[in-house]
Amino acid sequence: MRAHPLATDAVLALGALVSMVLGSFADPHGPHGPTFGTRTPEPFSLVLMVLGAAALVLRRRRPRTVLAVTCGLSLLELTTGEPRAPVAMCTVIALYTVAARTDRPTTWRIGLLTMAGLTGVAMLAGPLPWYAQENIGIFAWTGMAAAAGDAVRSRRAFVDAIRERAERAERTREEEARRRVAEERLRIARDLHDVVAHHIALVNVQAGVAAHVMDKRPDQAKEALAHVRDASRSALNELRATVGLLRQSGDPEAPTEPAPGLAVLDELLDTFRHAGLPVRVVLQLGGGGDALPAAVDLAAYRVIQEALTNVRKHAGPGARAEVSVVRVGASVEVTVLDDGGSSADSSPAPADPGGGHGLLGMRERTGALGGSCFAGPRYGGGYRVHAILPV
């Protein structure tokens with residue numbers, strides 16, 4: 001029916017025509033009640049019924065025009081028909097269509113006008129007495145048509161609103177799921193970057209040292225290779241812990257080691273010191289490291305790790321670094337400074353000239369916690385990274 005509305009309306013018009021023709025042969029005033037076949041409609045009434053049914057074929061395309069046409073045909077029948085044929089049935093169907101396809105105030109105006117017009121003409125200009133039941137029937141049928149059309153319109157609007165709300169909720173749920181997946185992907189990417197960049201940089205440095213002193217100072221070469229072994233083992237452990245987050249919940253092989261934090265900051269700094277980067281540290285947390293939330297503790301650790309990795313990779317030879325973690329009010333301020341080393345160019349090299357994501361990852365970490373991160377060159381040489389993490 002929805003795929004072929006014109007054919008559906010044609011079938012409805014044919015049914016209405018058959019009903020009107022059959023009804024025109026019935027006499028409601030028989031001696032023992034309504035009788036069938038005791039009267040015959042006039043040819044003009046048959047023509048009006050055919051025209052009214054034909055107009056109903058276009059009731060959805062031109063609802064108000066069809067209503068006006070059927071009202072005119074009904075008025076002709078009410079004033080001239082004797083005996084009267086039920087041409088007003090076309091108007092009832094057309095009024096229902098208008099009420100079902102427009103708003104309530106318009107339905108009230110058009111419905112009252114149609115009811116009053118047809119009933120008034122039937123009572124005052126028709127051949128029957130004004131109190132005849134046929135006249136009251138016209139008033140009742142047109143009123144019910146307007147009410148039924150308005151009820152159908154309200155029902156359709158209610159169903160459409162429920163469908164739209166369900167579709168909107170589905171879209172919102174899908175967008176939220178995609179957003180969560182993207183955030184988790186970025187978080188894992190940051191962790192992998194921090195782990196790989198830090199440890200691989202240290203392995204690269206120690207391997208270079210070992211290759212340089214292998215012939216002349218084998219003891220120092222062995223020590224450098226030991227640091228390479230330790231850094232690679234630490235990298236594998238952290239990678240295992242990070243990749244384990246991708247495992248399903250309840251997997252017995254998933255790692256259960258806690259995430260790194262300021263409690264193991266000394267071990268992190270020792271790896272840089274072994275790689276030839278002197279690091280001074282100032283830690284003032286007031287209530288102690290245990291007072292920091294796990295997310296803030298991890299973010300501070302990762303910011304220090306990435307900043308020192310950049311110092312080791314890009315600062316000049318002989319560079320020194322300073323790390324301070326200070327709790328100020330309701331936030332923790334993490335600062336990493338370096339003096340630029342003894343490079344010929346006093347301006348520091350970019351923190352990541354290869355197009356990496358170290359600085360971006362630090363800003364994303366701090367931004368996710370509602371904090372901020374600034375990284376830039378210092379006056380007189382060197383580089384400065386300053387992060388504020390709300391507790």
# chains A, B, ... in the order shown; residues from 1 in each chain; ligands from 1
call {"tool": "residues_around", "arguments": {"residues": "segment 269-273 of chain A", "least_positions_apart": "5", "cutoff": "12 Å", "atoms": "only C-alpha atoms", "output": "ChimeraX atom specification"}}
result
/A:198-203,205-206,224,226-232,234-235,262-264,278-282,301,304-313,318-323
call {"tool": "residues_around", "arguments": {"residues": "Gly340 of chain A", "least_positions_apart": "5", "cutoff": "6 Å", "atoms": "only C-alpha atoms", "output": "VMD selection string"}}
result
chain A and resid 315 to 316 319 381 to 382
call {"tool": "write_last_selection", "arguments": {"atoms": "N, CA, C and O atoms", "output": "PDB file, in the first residue's frame"}}
result
ATOM      1  N   ALA A 315      69.900  16.974  22.661  1.00  0.00           N
ATOM      2  CA  ALA A 315      70.789  17.966  23.271  1.00  0.00           C
ATOM      3  C   ALA A 315      72.243  17.679  22.884  1.00  0.00           C
ATOM      4  O   ALA A 315      72.599  16.560  22.469  1.00  0.00           O
ATOM      5  N   GLY A 316      73.082  18.687  23.031  1.00  0.00           N
ATOM      6  CA  GLY A 316      74.474  18.528  22.655  1.00  0.00           C
ATOM      7  C   GLY A 316      75.230  17.644  23.644  1.00  0.00           C
ATOM      8  O   GLY A 316      74.719  17.275  24.708  1.00  0.00           O
ATOM      9  N   ALA A 319      75.419  17.557  27.944  1.00  0.00           N
ATOM     10  CA  ALA A 319      74.215  18.210  28.451  1.00  0.00           C
ATOM     11  C   ALA A 319      73.886  17.706  29.849  1.00  0.00           C
ATOM     12  O   ALA A 319      74.175  16.564  30.211  1.00  0.00           O
ATOM     13  N   GLY A 381      69.958  29.102  25.929  1.00  0.00           N
ATOM     14  CA  GLY A 381      70.263  27.751  25.453  1.00  0.00           C
ATOM     15  C   GLY A 381      69.574  26.689  26.282  1.00  0.00           C
ATOM     16  O   GLY A 381      69.292  26.863  27.462  1.00  0.00           O
ATOM     17  N   GLY A 382      69.352  25.573  25.644  1.00  0.00           N
ATOM     18  CA  GLY A 382      68.677  24.486  26.329  1.00  0.00           C
ATOM     19  C   GLY A 382      67.182  24.454  26.022  1.00  0.00           C
ATOM     20  O   GLY A 382      66.667  25.209  25.185  1.00  0.00           O
TER      21      GLY A 382
END
call {"tool": "select_by_dssp", "arguments": {"residues": "segment 62-251 of chain A", "states": "alpha helix (DSSP H)", "output": "ChimeraX atom specification"}}
result
/A:63-80,88-100,104-124,133-213,218-243
call {"tool": "residues_around", "arguments": {"residues": "segment 148-161 of chain A", "least_positions_apart": "4", "cutoff": "8 Å", "atoms": "only C-alpha atoms", "output": "VMD selection string"}}
result
chain A and resid 95 to 104 107 144 165
call {"tool": "residues_around", "arguments": {"residues": "Gly120 of chain A", "least_positions_apart": "3", "cutoff": "12 Å", "atoms": "only C-alpha atoms", "output": "list in words"}}
result
Leu75, Leu78, Thr79, Leu112, Leu113, Thr114, Met115, Ala116, Gly117, Met123, Leu124, Ala125, Gly126, Pro129, Trp130, Tyr131, Asn135, Ile136, Ile138 and Phe139 of chain A
call {"tool": "closest_residue", "arguments": {"among": "A:Thr106, A:Asn237, A:Ala140, A:Leu192", "to": "Arg64 of chain A", "atoms": "only C-alpha atoms"}}
result
A:Thr106
call {"tool": "atom_distance", "arguments": {"atom1": "atom CA of Gly376 of chain A", "atom2": "atom CA of Ile388 of chain A"}}
result
15.0 Å
call {"tool": "closest_residue", "arguments": {"among": "A:Arg109, A:Ala7, A:Pro83, A:Arg384", "to": "Arg59 of chain A", "atoms": "only C-alpha atoms"}}
result
A:Ala7
call {"tool": "residues_around", "arguments": {"residues": "Thr65 of chain A", "least_positions_apart": "3", "cutoff": "12 Å", "atoms": "only C-alpha atoms", "output": "list in words"}}
result
Gly52, Ala55, Leu56, Val57, Leu58, Arg59, Arg60, Arg61, Arg62, Ala68, Val69, Thr70, Cys71, Gly72, Thr91, Ala94, Leu95, Thr97 and Val98 of chain A
call {"tool": "closest_residue", "arguments": {"among": "A:Glu176, A:Glu42, A:Glu333, A:Glu170", "to": "Ala85 of chain A", "atoms": "only C-alpha atoms"}}
result
A:Glu42
call {"tool": "closest_residue", "arguments": {"among": "A:Asp339, A:Asp219, A:Asp27, A:Asp297", "to": "Glu134 of chain A", "atoms": "only C-alpha atoms"}}
result
A:Asp27
call {"tool": "select_by_dssp", "arguments": {"residues": "segment 278-313 of chain A", "states": "strand (DSSP E)", "output": "list in words"}}
result
Val279, Arg280, Val281, Val282, Leu283 and Gln284 of chain A
call {"tool": "write_last_selection", "arguments": {"atoms": "C-alpha atoms", "output": "PDB file, in the first residue's frame"}}
result
ATOM      1  CA  VAL A 279      70.208  14.306  36.056  1.00  0.00           C
ATOM      2  CA  ARG A 280      69.336  16.193  39.220  1.00  0.00           C
ATOM      3  CA  VAL A 281      65.939  15.686  40.782  1.00  0.00           C
ATOM      4  CA  VAL A 282      63.784  17.632  43.231  1.00  0.00           C
ATOM      5  CA  LEU A 283      60.689  15.880  44.539  1.00  0.00           C
ATOM      6  CA  GLN A 284      58.324  17.823  46.823  1.00  0.00           C
TER       7      GLN A 284
END
call {"tool": "atom_distance", "arguments": {"atom1": "atom CA of Ala221 of chain A", "atom2": "atom CA of Leu265 of chain A"}}
result
26.2 Å
call {"tool": "atom_distance", "arguments": {"atom1": "atom CA of Pro390 of chain A", "atom2": "atom CA of Ala330 of chain A"}}
result
6.1 Å
call {"tool": "residues_around", "arguments": {"residues": "Arg327 of chain A", "least_positions_apart": "4", "cutoff": "6 Å", "atoms": "only C-alpha atoms", "output": "VMD selection string"}}
result
chain A and resid 285 331 to 332
call {"tool": "write_last_selection", "arguments": {"atoms": "N, CA and C atoms", "output": "PDB file, in the first residue's frame"}}
result
ATOM      1  N   LEU A 285      56.282  16.586  47.183  1.00  0.00           N
ATOM      2  CA  LEU A 285      54.861  16.293  47.004  1.00  0.00           C
ATOM      3  C   LEU A 285      54.050  16.528  48.262  1.00  0.00           C
ATOM      4  N   SER A 331      47.396  21.021  42.374  1.00  0.00           N
ATOM      5  CA  SER A 331      48.013  20.516  41.155  1.00  0.00           C
ATOM      6  C   SER A 331      49.462  20.134  41.406  1.00  0.00           C
ATOM      7  N   VAL A 332      49.996  19.349  40.491  1.00  0.00           N
ATOM      8  CA  VAL A 332      51.398  18.943  40.514  1.00  0.00           C
ATOM      9  C   VAL A 332      52.076  19.534  39.294  1.00  0.00           C
TER      10      VAL A 332
END
call {"tool": "closest_residue", "arguments": {"among": "A:Met89, A:Ala368, A:Ala275, A:Val385", "to": "Glu183 of chain A", "atoms": "only C-alpha atoms"}}
result
A:Ala368
